[in-house]
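Colleague: mmCIF, C-alpha atoms, saved as final_28.cif, coming up:
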```
data_structure
loop_
_atom_site.label_atom_id
_atom_site.label_comp_id
_atom_site.auth_asym_id
_atom_site.auth_seq_id
_atom_site.Cartn_x
_atom_site.Cartn_y
_atom_site.Cartn_z
CA MET A 1 29.34 51.00 -8.26
CA GLY A 2 32.50 49.98 -10.09
CA LEU A 3 33.00 46.67 -11.81
CA ARG A 4 35.57 45.55 -9.26
CA ARG A 5 33.21 46.31 -6.34
CA SER A 6 30.31 44.48 -8.01
CA PHE A 7 32.51 41.44 -8.58
CA ALA A 8 33.58 41.38 -4.92
CA LEU A 9 29.97 41.63 -3.75
CA GLY A 10 28.93 38.87 -6.13
CA THR A 11 31.75 36.65 -4.90
CA LEU A 12 30.73 37.19 -1.28
CA LEU A 13 27.09 36.44 -2.07
CA ALA A 14 27.98 33.28 -3.95
CA ALA A 15 30.21 32.14 -1.09
CA ALA A 16 27.42 32.74 1.43
CA LEU A 17 24.90 30.81 -0.64
CA GLY A 18 27.38 28.00 -1.18
CA ALA A 19 28.09 27.76 2.54
CA THR A 20 24.37 27.62 3.26
CA ALA A 21 23.71 24.99 0.65
CA GLY A 22 26.56 22.78 1.79
CA ALA A 23 25.99 23.10 5.52
CA GLY A 24 24.62 19.60 6.06
CA PRO A 25 24.76 16.16 4.52
CA ASN A 26 21.19 16.52 3.29
CA ASN A 27 19.33 19.77 2.73
CA ASP A 28 15.87 18.29 2.23
CA ASN A 29 14.91 18.93 5.84
CA ARG A 30 16.19 22.49 6.10
CA GLY A 31 13.87 25.41 6.72
CA PRO A 32 12.73 27.91 9.32
CA ALA A 33 12.37 26.69 12.87
CA VAL A 34 8.82 25.51 13.53
CA PRO A 35 7.35 26.01 16.99
CA GLY A 36 5.51 23.11 18.59
CA ILE A 37 1.78 22.98 18.01
CA ALA A 38 -0.63 22.11 20.80
CA LEU A 39 -3.09 19.59 19.44
CA PRO A 40 -6.32 18.60 21.17
CA PRO A 41 -5.96 15.34 23.08
CA GLY A 42 -7.05 12.29 21.12
CA PRO A 43 -8.23 8.94 22.37
CA THR A 44 -5.69 6.96 24.37
CA PRO A 45 -4.55 4.04 22.23
CA THR A 46 -4.56 0.51 23.48
CA THR A 47 -1.15 -1.00 22.93
CA TYR A 48 0.02 -4.56 22.59
CA ASP A 49 3.47 -6.04 22.39
CA ALA A 50 5.24 -9.27 21.59
CA VAL A 51 8.78 -10.56 21.53
CA ILE A 52 9.24 -13.46 19.11
CA ASP A 53 12.34 -15.62 18.73
CA ARG A 54 13.75 -16.67 15.37
CA SER A 55 11.84 -19.95 15.52
CA GLY A 56 8.53 -18.15 15.87
CA ASN A 57 7.97 -18.81 19.57
CA LEU A 58 6.24 -16.13 21.66
CA GLN A 59 8.78 -15.26 24.37
CA LYS A 60 6.96 -12.42 26.13
CA GLY A 61 4.25 -9.85 25.64
CA ASN A 62 0.47 -9.97 25.50
CA ALA A 63 0.02 -11.61 22.10
CA SER A 64 -2.09 -14.73 22.22
CA SER A 65 0.11 -16.86 19.95
CA ALA A 66 2.79 -16.75 17.27
CA PHE A 67 4.28 -19.06 14.72
CA LYS A 68 6.73 -19.14 11.84
CA ALA A 69 5.03 -20.01 8.55
CA VAL A 70 8.20 -20.49 6.47
CA THR A 71 11.69 -19.05 6.57
CA GLY A 72 11.53 -15.34 7.50
CA LYS A 73 7.71 -15.23 7.62
CA TYR A 74 5.85 -15.02 10.91
CA ILE A 75 2.31 -14.48 12.12
CA VAL A 76 1.64 -12.99 15.56
CA GLU A 77 -1.93 -13.23 16.82
CA PHE A 78 -3.63 -11.09 19.45
CA SER A 79 -6.95 -11.28 21.23
CA ARG A 80 -8.76 -8.75 19.06
CA ASP A 81 -9.20 -7.59 15.48
CA MET A 82 -5.96 -5.95 14.39
CA THR A 83 -6.94 -4.76 10.93
CA GLN A 84 -7.25 -1.07 11.90
CA CYS A 85 -4.17 -0.90 14.12
CA ILE A 86 -0.62 0.31 13.51
CA TYR A 87 2.34 -2.03 13.80
CA VAL A 88 5.98 -1.22 14.57
CA GLY A 89 8.64 -3.92 14.55
CA THR A 90 12.38 -3.97 15.16
CA LEU A 91 14.74 -6.88 14.73
CA GLY A 92 16.04 -8.08 18.06
CA ARG A 93 16.47 -11.08 20.25
CA ALA A 94 14.36 -12.06 23.22
CA THR A 95 17.50 -12.92 25.12
CA THR A 96 21.22 -12.50 24.61
CA ASP A 97 21.97 -15.91 26.09
CA GLY A 98 24.62 -17.56 23.96
CA GLY A 99 26.76 -14.47 23.60
CA GLU A 100 26.56 -14.21 19.83
CA PRO A 101 26.75 -10.62 18.57
CA ALA A 102 23.57 -9.05 17.23
CA ARG A 103 23.15 -9.25 13.45
CA PRO A 104 21.51 -6.60 11.30
CA GLY A 105 18.75 -7.21 8.80
CA MET A 106 15.42 -5.87 7.62
CA ILE A 107 11.86 -6.23 8.87
CA SER A 108 8.45 -5.36 7.47
CA VAL A 109 5.01 -5.54 9.10
CA VAL A 110 1.53 -5.74 7.57
CA ARG A 111 -1.82 -7.08 8.65
CA SER A 112 -2.32 -10.78 8.19
CA SER A 113 -4.37 -11.71 5.14
CA GLY A 114 -5.64 -14.90 6.74
CA PHE A 115 -6.14 -13.88 10.38
CA SER A 116 -7.98 -10.67 11.29
CA ASP A 117 -6.40 -10.84 14.74
CA GLY A 118 -2.93 -11.30 13.29
CA VAL A 119 0.11 -9.31 12.19
CA PHE A 120 2.28 -10.67 9.38
CA VAL A 121 6.01 -10.08 9.76
CA GLU A 122 8.79 -10.68 7.26
CA THR A 123 12.47 -10.65 8.18
CA ARG A 124 15.31 -10.50 5.66
CA ASP A 125 19.10 -10.44 5.66
CA LEU A 126 21.19 -7.59 4.30
CA ARG A 127 20.84 -8.90 0.75
CA GLY A 128 17.06 -8.89 0.99
CA ARG A 129 16.69 -12.65 1.25
CA LEU A 130 14.13 -14.10 3.65
CA HIS A 131 15.99 -15.08 6.81
CA ASP A 132 14.94 -16.09 10.31
CA PHE A 133 15.39 -13.33 12.90
CA GLY A 134 13.87 -12.67 16.29
CA PHE A 135 11.96 -9.41 16.61
CA HIS A 136 10.06 -7.10 18.94
CA LEU A 137 6.60 -5.91 17.89
CA VAL A 138 4.47 -3.10 19.31
CA VAL A 139 0.89 -2.54 18.14
CA ALA A 140 -1.36 0.46 18.86
CA CYS A 141 -5.09 0.37 18.17
CA MET B 1 -31.99 -0.03 48.24
CA THR B 2 -30.57 -3.10 49.97
CA PHE B 3 -26.98 -4.11 50.48
CA LYS B 4 -27.47 -6.96 48.00
CA SER B 5 -28.59 -4.56 45.31
CA LEU B 6 -25.58 -2.32 45.94
CA LEU B 7 -23.06 -5.16 45.87
CA PRO B 8 -22.83 -5.56 42.06
CA LEU B 9 -22.44 -1.79 41.68
CA CYS B 10 -19.62 -1.68 44.23
CA THR B 11 -17.90 -4.69 42.65
CA GLY B 12 -18.12 -3.08 39.22
CA SER B 13 -16.61 0.15 40.54
CA VAL B 14 -13.73 -1.71 42.18
CA LEU B 15 -13.03 -3.64 38.97
CA LEU B 16 -13.15 -0.42 36.93
CA LEU B 17 -10.76 1.33 39.31
CA SER B 18 -8.45 -1.70 39.28
CA GLY B 19 -8.40 -1.64 35.50
CA LEU B 20 -7.63 2.07 35.40
CA SER B 21 -4.82 1.76 37.94
CA ALA B 22 -3.33 -1.19 36.04
CA GLN B 23 -3.40 0.87 32.85
CA ALA B 24 -1.79 3.81 34.62
CA ALA B 25 0.90 1.55 36.10
CA SER B 26 1.67 0.16 32.66
CA ALA B 27 1.90 3.66 31.22
CA VAL B 28 4.43 4.61 33.89
CA ARG B 29 6.52 1.55 33.13
CA ASP B 30 6.59 2.28 29.41
CA GLY B 31 9.34 4.64 28.35
CA PHE B 32 11.28 6.23 25.54
CA ALA B 33 14.70 7.64 24.80
CA VAL B 34 16.26 9.67 22.01
CA MET B 35 20.02 9.31 21.86
CA ASN B 36 22.61 10.94 19.63
CA ALA B 37 25.32 8.94 17.89
CA ASP B 38 27.86 9.95 20.55
CA GLY B 39 25.70 8.47 23.30
CA THR B 40 24.25 11.75 24.51
CA LEU B 41 20.75 11.28 25.87
CA VAL B 42 18.81 14.04 24.10
CA ARG B 43 15.44 13.47 25.72
CA SER B 44 13.66 10.66 27.46
CA SER B 45 10.81 9.67 29.69
CA SER B 46 11.34 10.36 33.39
CA ASN B 47 12.03 6.70 34.14
CA VAL B 48 15.22 6.58 32.05
CA ASN B 49 18.56 6.87 33.84
CA PRO B 50 21.94 7.96 32.43
CA SER B 51 22.98 5.61 29.66
CA LYS B 52 26.24 4.19 28.34
CA HIS B 53 28.00 3.99 24.98
CA LEU B 54 31.51 2.98 23.92
CA ALA B 55 32.54 5.20 20.99
CA GLY B 56 32.74 3.35 17.70
CA SER B 57 31.07 0.19 19.00
CA GLY B 58 27.56 0.82 17.68
CA ILE B 59 26.30 -0.47 21.03
CA TYR B 60 24.19 1.65 23.35
CA GLN B 61 22.89 0.73 26.79
CA VAL B 62 19.74 2.58 27.83
CA PHE B 63 19.00 2.15 31.53
CA PHE B 64 15.57 2.41 33.12
CA ASP B 65 14.70 2.74 36.80
CA HIS B 66 12.73 -0.52 36.80
CA SER B 67 12.85 -4.03 35.40
CA LEU B 68 12.20 -4.42 31.67
CA SER B 69 11.99 -8.19 31.80
CA LYS B 70 8.39 -8.17 30.53
CA CYS B 71 8.82 -5.41 27.96
CA ALA B 72 9.16 -5.25 24.19
CA PHE B 73 11.40 -2.67 22.54
CA VAL B 74 11.24 -0.94 19.18
CA ALA B 75 13.73 1.52 17.74
CA SER B 76 14.45 3.47 14.56
CA LEU B 77 17.58 5.29 13.48
CA GLY B 78 17.20 9.03 13.97
CA SER B 79 18.62 12.11 15.61
CA GLY B 80 17.66 14.40 18.44
CA ASP B 81 17.09 17.37 16.13
CA ALA B 82 16.17 17.79 12.46
CA THR B 83 19.49 16.42 11.19
CA PRO B 84 18.83 13.47 8.88
CA PRO B 85 20.85 10.44 9.95
CA LEU B 86 22.93 8.37 7.58
CA GLN B 87 21.49 5.08 6.36
CA GLY B 88 21.92 1.99 8.44
CA PHE B 89 20.24 -0.68 10.53
CA VAL B 90 19.19 -1.03 14.13
CA THR B 91 18.40 -3.97 16.41
CA VAL B 92 17.25 -4.16 20.02
CA GLU B 93 17.69 -6.72 22.77
CA PRO B 94 17.68 -7.07 26.53
CA GLY B 95 20.89 -6.39 28.43
CA THR B 96 23.50 -8.70 29.86
CA GLY B 97 25.64 -8.44 32.96
CA ALA B 98 25.12 -5.94 35.77
CA GLY B 99 21.76 -4.21 35.60
CA GLN B 100 20.67 -6.41 32.72
CA HIS B 101 16.99 -6.41 33.69
CA THR B 102 16.78 -2.61 33.61
CA MET B 103 18.56 -2.13 30.30
CA ILE B 104 17.76 -1.98 26.58
CA VAL B 105 20.73 -2.71 24.35
CA VAL B 106 20.48 -0.95 21.00
CA ASN B 107 22.88 -2.05 18.25
CA THR B 108 23.41 0.16 15.19
CA PHE B 109 25.08 -0.82 11.91
CA ASP B 110 26.10 0.87 8.67
CA VAL B 111 24.67 -0.25 5.33
CA SER B 112 27.32 -2.94 4.97
CA GLY B 113 26.25 -4.45 8.29
CA GLN B 114 29.28 -3.35 10.26
CA PRO B 115 28.79 -1.88 13.75
CA ALA B 116 28.71 1.92 13.51
CA ASP B 117 27.51 4.75 15.73
CA PHE B 118 24.09 6.21 14.90
CA GLY B 119 21.52 8.15 16.85
CA PHE B 120 18.16 6.53 17.43
CA HIS B 121 14.68 6.78 18.96
CA ALA B 122 13.68 3.82 21.17
CA ILE B 123 10.47 2.85 22.96
CA ALA B 124 9.91 0.27 25.66
CA ARG B 125 6.38 -1.10 25.96
CA CYS B 126 5.68 -3.05 29.11
#
```
Using structure tokens, write down the structure from this file.
Modeller:
Amino acid sequence: MGLRRSFALGTLLAAALGATAGAGPNNDNRGPAVPGIALPPGPTPTTYDAVIDRSGNLQKGNASSAFKAVTGKYIVEFSRDMTQCIYVGTLGRATTDGGEPARPGMISVVRSSGFSDGVFVETRDLRGRLHDFGFHLVVAC
Amino acid sequence: MTFKSLLPLCTGSVLLLSGLSAQAASAVRDGFAVMNADGTLVRSSSNVNPSKHLAGSGIYQVFFDHSLSKCAFVASLGSGDATPPLQGFVTVEPGTGAGQHTMIVVNTFDVSGQPADFGFHAIARC
């Protein structure tokens, strides 16, 4: 194999690798296709939900109560022990009455340290400062 | 065995069946949708109808075949395949206008807080 031919092959190979590496915005999730796996059925979770306005009022759902402790900090209580459950929250209003556009922010959920039947929710603005937002919360136990 | 002795058993069975049917009804009313940034509905539960999106608005309307007035919604940014989405924020709220009671409105924003189109996964729990 001559030098010129080897160079051409090397160039092609490098181009192919480069194209592969740069195919997406993030290569961390690349890999061979994985077929779905059939898992044995697990227990059916019991789910709970709550929609809380920015003032901490329970607007709908099957929570038993809710309140705002201080700015951006809320506790939502349910009718059972919540310490072993999973919590998922998304910022959002209970109603769009008023016509103001939705505003983005951040939300985090943990179990309440003071109430075993409670979920503690923090809401923050885009700069990370505690800020009052309404939110939707779904809990599976 | 007398009728009186059977009565509590029958009542218990009816209550159990009622509970099961209520749980099943709730499960049917729950739903999910995975939508791409361009508003394409990638996959969904069977109770989701065709949805709407105005390009560039960051606003998506996901329609269900029943009222969502008693439901809570949660959503996360994501895509319908293994493509990682760009960073941003997402909020959810009930709809307004025609069909408002059967609609989830999902709003997506870029990292600066400006409306921007992103795919997402959304769940309604009723």
Colleague: Up to 10 Å from chain B, what residues of chain A turn up? Count only C-alpha atoms and give them as a PyMOL selection string.
Modeller: chain A and resi 24-31+33+46-52+59-62+88-97+99+101-106+125-127+134-139
Colleague: What do you get, as an mmCIF file with C-alpha atoms, in the coordinates of the input, if you spell out every residue that the PyMOL selection byres ((chain B and resi 46) around 10) selects here?
Modeller:
```
data_model
loop_
_atom_site.group_PDB
_atom_site.id
_atom_site.type_symbol
_atom_site.label_atom_id
_atom_site.label_comp_id
_atom_site.auth_asym_id
_atom_site.auth_seq_id
_atom_site.Cartn_x
_atom_site.Cartn_y
_atom_site.Cartn_z
ATOM 1 C CA VAL B 28 4.430 4.610 33.890
ATOM 2 C CA GLY B 31 9.340 4.640 28.350
ATOM 3 C CA PHE B 32 11.280 6.230 25.540
ATOM 4 C CA ALA B 33 14.700 7.640 24.800
ATOM 5 C CA ARG B 43 15.440 13.470 25.720
ATOM 6 C CA SER B 44 13.660 10.660 27.460
ATOM 7 C CA SER B 45 10.810 9.670 29.690
ATOM 8 C CA ASN B 47 12.030 6.700 34.140
ATOM 9 C CA VAL B 48 15.220 6.580 32.050
ATOM 10 C CA ASN B 49 18.560 6.870 33.840
ATOM 11 C CA PHE B 64 15.570 2.410 33.120
ATOM 12 C CA ASP B 65 14.700 2.740 36.800
#
```
Colleague: Hey, what comes out of the PyMOL selection byres ((chain A and resi 111) around 12) on this file? Could you write it as an NGL selection string?
Modeller: :A and (74-78 or 81-88 or 108-110 or 112-122 or 139)
Colleague: Go ahead and compute the interatomic distance for CA of Phe120 (chain B) and CA of Ala37 (chain B), in Å to one decimal.
Modeller: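 Result for CA of Phe120 (chain B) versus CA of Ala37 (chain B): 7.6 Å, one decimal.
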Colleague: Would you please work out which residue, of B:Ile104, B:Gln61, B:Phe118, B:Gly99, is nearest to Asn36 (chain B) when using all atoms listed in the file?
Modeller: B:Phe118
Colleague: In Å, how far is it from CA of Leu41 (chain B) to CA of His101 (chain B)?
Modeller: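 The value is 19.7 Å.
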Colleague: Rounded to one decimal in Å, what is the spacing between CA of His53 (chain B) and CA of Met103 (chain B)?
Modeller: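 Going from CA of His53 (chain B) over to CA of Met103 (chain B) covers 12.4 Å.
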Colleague: Missing atoms in region 99-133 of chain A should be modelled up to N, CA and C atoms and reported as an mmCIF file, in the coordinates of the input.
Modeller:
```cif
data_model
loop_
_atom_site.group_PDB
_atom_site.id
_atom_site.type_symbol
_atom_site.label_atom_id
_atom_site.label_comp_id
_atom_site.auth_asym_id
_atom_site.auth_seq_id
_atom_site.Cartn_x
_atom_site.Cartn_y
_atom_site.Cartn_z
ATOM 1 N N GLY A 99 25.641 -15.376 23.803
ATOM 2 C CA GLY A 99 26.760 -14.470 23.600
ATOM 3 C C GLY A 99 27.076 -14.113 22.171
ATOM 4 N N GLU A 100 26.270 -14.574 21.213
ATOM 5 C CA GLU A 100 26.560 -14.210 19.830
ATOM 6 C C GLU A 100 26.242 -12.726 19.615
ATOM 7 N N PRO A 101 27.049 -12.037 18.815
ATOM 8 C CA PRO A 101 26.750 -10.620 18.570
ATOM 9 C C PRO A 101 25.466 -10.468 17.772
ATOM 10 N N ALA A 102 24.799 -9.332 17.975
ATOM 11 C CA ALA A 102 23.570 -9.050 17.230
ATOM 12 C C ALA A 102 23.892 -8.915 15.749
ATOM 13 N N ARG A 103 22.958 -9.345 14.905
ATOM 14 C CA ARG A 103 23.150 -9.250 13.450
ATOM 15 C C ARG A 103 22.086 -8.341 12.857
ATOM 16 N N PRO A 104 22.486 -7.506 11.901
ATOM 17 C CA PRO A 104 21.510 -6.600 11.300
ATOM 18 C C PRO A 104 20.716 -7.287 10.193
ATOM 19 N N GLY A 105 19.602 -6.707 9.862
ATOM 20 C CA GLY A 105 18.750 -7.210 8.800
ATOM 21 C C GLY A 105 17.595 -6.253 8.594
ATOM 22 N N MET A 106 16.566 -6.717 7.922
ATOM 23 C CA MET A 106 15.420 -5.870 7.620
ATOM 24 C C MET A 106 14.125 -6.527 8.113
ATOM 25 N N ILE A 107 13.139 -5.705 8.395
ATOM 26 C CA ILE A 107 11.860 -6.230 8.870
ATOM 27 C C ILE A 107 10.730 -5.405 8.262
ATOM 28 N N SER A 108 9.641 -6.067 7.924
ATOM 29 C CA SER A 108 8.450 -5.360 7.470
ATOM 30 C C SER A 108 7.233 -5.952 8.178
ATOM 31 N N VAL A 109 6.219 -5.114 8.384
ATOM 32 C CA VAL A 109 5.010 -5.540 9.100
ATOM 33 C C VAL A 109 3.772 -5.132 8.315
ATOM 34 N N VAL A 110 2.830 -6.034 8.186
ATOM 35 C CA VAL A 110 1.530 -5.740 7.570
ATOM 36 C C VAL A 110 0.475 -6.542 8.326
ATOM 37 N N ARG A 111 -0.789 -6.265 8.029
ATOM 38 C CA ARG A 111 -1.820 -7.080 8.650
ATOM 39 C C ARG A 111 -1.827 -8.447 7.988
ATOM 40 N N SER A 112 -2.242 -9.429 8.735
ATOM 41 C CA SER A 112 -2.320 -10.780 8.190
ATOM 42 C C SER A 112 -3.484 -10.883 7.227
ATOM 43 N N SER A 113 -3.277 -11.550 6.100
ATOM 44 C CA SER A 113 -4.370 -11.710 5.140
ATOM 45 C C SER A 113 -5.315 -12.835 5.559
ATOM 46 N N GLY A 114 -4.824 -13.749 6.373
ATOM 47 C CA GLY A 114 -5.640 -14.900 6.740
ATOM 48 C C GLY A 114 -6.232 -14.834 8.139
ATOM 49 N N PHE A 115 -5.682 -13.962 8.999
ATOM 50 C CA PHE A 115 -6.140 -13.880 10.380
ATOM 51 C C PHE A 115 -6.403 -12.423 10.728
ATOM 52 N N SER A 116 -7.667 -12.073 10.990
ATOM 53 C CA SER A 116 -7.980 -10.670 11.290
ATOM 54 C C SER A 116 -7.359 -10.231 12.610
ATOM 55 N N ASP A 117 -7.029 -11.186 13.458
ATOM 56 C CA ASP A 117 -6.400 -10.840 14.740
ATOM 57 C C ASP A 117 -4.881 -10.961 14.660
ATOM 58 N N GLY A 118 -4.353 -11.025 13.436
ATOM 59 C CA GLY A 118 -2.930 -11.300 13.290
ATOM 60 C C GLY A 118 -2.143 -10.202 12.590
ATOM 61 N N VAL A 119 -0.836 -10.189 12.861
ATOM 62 C CA VAL A 119 0.110 -9.310 12.190
ATOM 63 C C VAL A 119 1.118 -10.203 11.461
ATOM 64 N N PHE A 120 1.353 -9.881 10.197
ATOM 65 C CA PHE A 120 2.280 -10.670 9.380
ATOM 66 C C PHE A 120 3.624 -9.951 9.333
ATOM 67 N N VAL A 121 4.669 -10.680 9.651
ATOM 68 C CA VAL A 121 6.010 -10.080 9.760
ATOM 69 C C VAL A 121 6.966 -10.832 8.849
ATOM 70 N N GLU A 122 7.729 -10.067 8.070
ATOM 71 C CA GLU A 122 8.790 -10.680 7.260
ATOM 72 C C GLU A 122 10.141 -10.156 7.738
ATOM 73 N N THR A 123 11.117 -11.057 7.813
ATOM 74 C CA THR A 123 12.470 -10.650 8.180
ATOM 75 C C THR A 123 13.437 -11.101 7.093
ATOM 76 N N ARG A 124 14.384 -10.233 6.762
ATOM 77 C CA ARG A 124 15.310 -10.500 5.660
ATOM 78 C C ARG A 124 16.733 -10.142 6.070
ATOM 79 N N ASP A 125 17.702 -10.776 5.396
ATOM 80 C CA ASP A 125 19.100 -10.440 5.660
ATOM 81 C C ASP A 125 19.481 -9.194 4.860
ATOM 82 N N LEU A 126 20.755 -8.840 4.929
ATOM 83 C CA LEU A 126 21.190 -7.590 4.300
ATOM 84 C C LEU A 126 21.083 -7.627 2.780
ATOM 85 N N ARG A 127 21.009 -8.805 2.209
ATOM 86 C CA ARG A 127 20.840 -8.900 0.750
ATOM 87 C C ARG A 127 19.374 -8.964 0.343
ATOM 88 N N GLY A 128 18.478 -8.875 1.301
ATOM 89 C CA GLY A 128 17.060 -8.890 0.990
ATOM 90 C C GLY A 128 16.456 -10.276 0.910
ATOM 91 N N ARG A 129 17.209 -11.285 1.289
ATOM 92 C CA ARG A 129 16.690 -12.650 1.250
ATOM 93 C C ARG A 129 15.967 -12.974 2.553
ATOM 94 N N LEU A 130 14.862 -13.696 2.442
ATOM 95 C CA LEU A 130 14.130 -14.100 3.650
ATOM 96 C C LEU A 130 15.079 -14.864 4.575
ATOM 97 N N HIS A 131 15.060 -14.495 5.845
ATOM 98 C CA HIS A 131 15.990 -15.080 6.810
ATOM 99 C C HIS A 131 15.316 -15.038 8.175
ATOM 100 N N ASP A 132 15.533 -16.047 8.977
ATOM 101 C CA ASP A 132 14.940 -16.090 10.310
ATOM 102 C C ASP A 132 15.653 -15.141 11.271
ATOM 103 N N PHE A 133 14.880 -14.234 11.868
ATOM 104 C CA PHE A 133 15.390 -13.330 12.900
ATOM 105 C C PHE A 133 14.348 -13.239 14.010
#
```
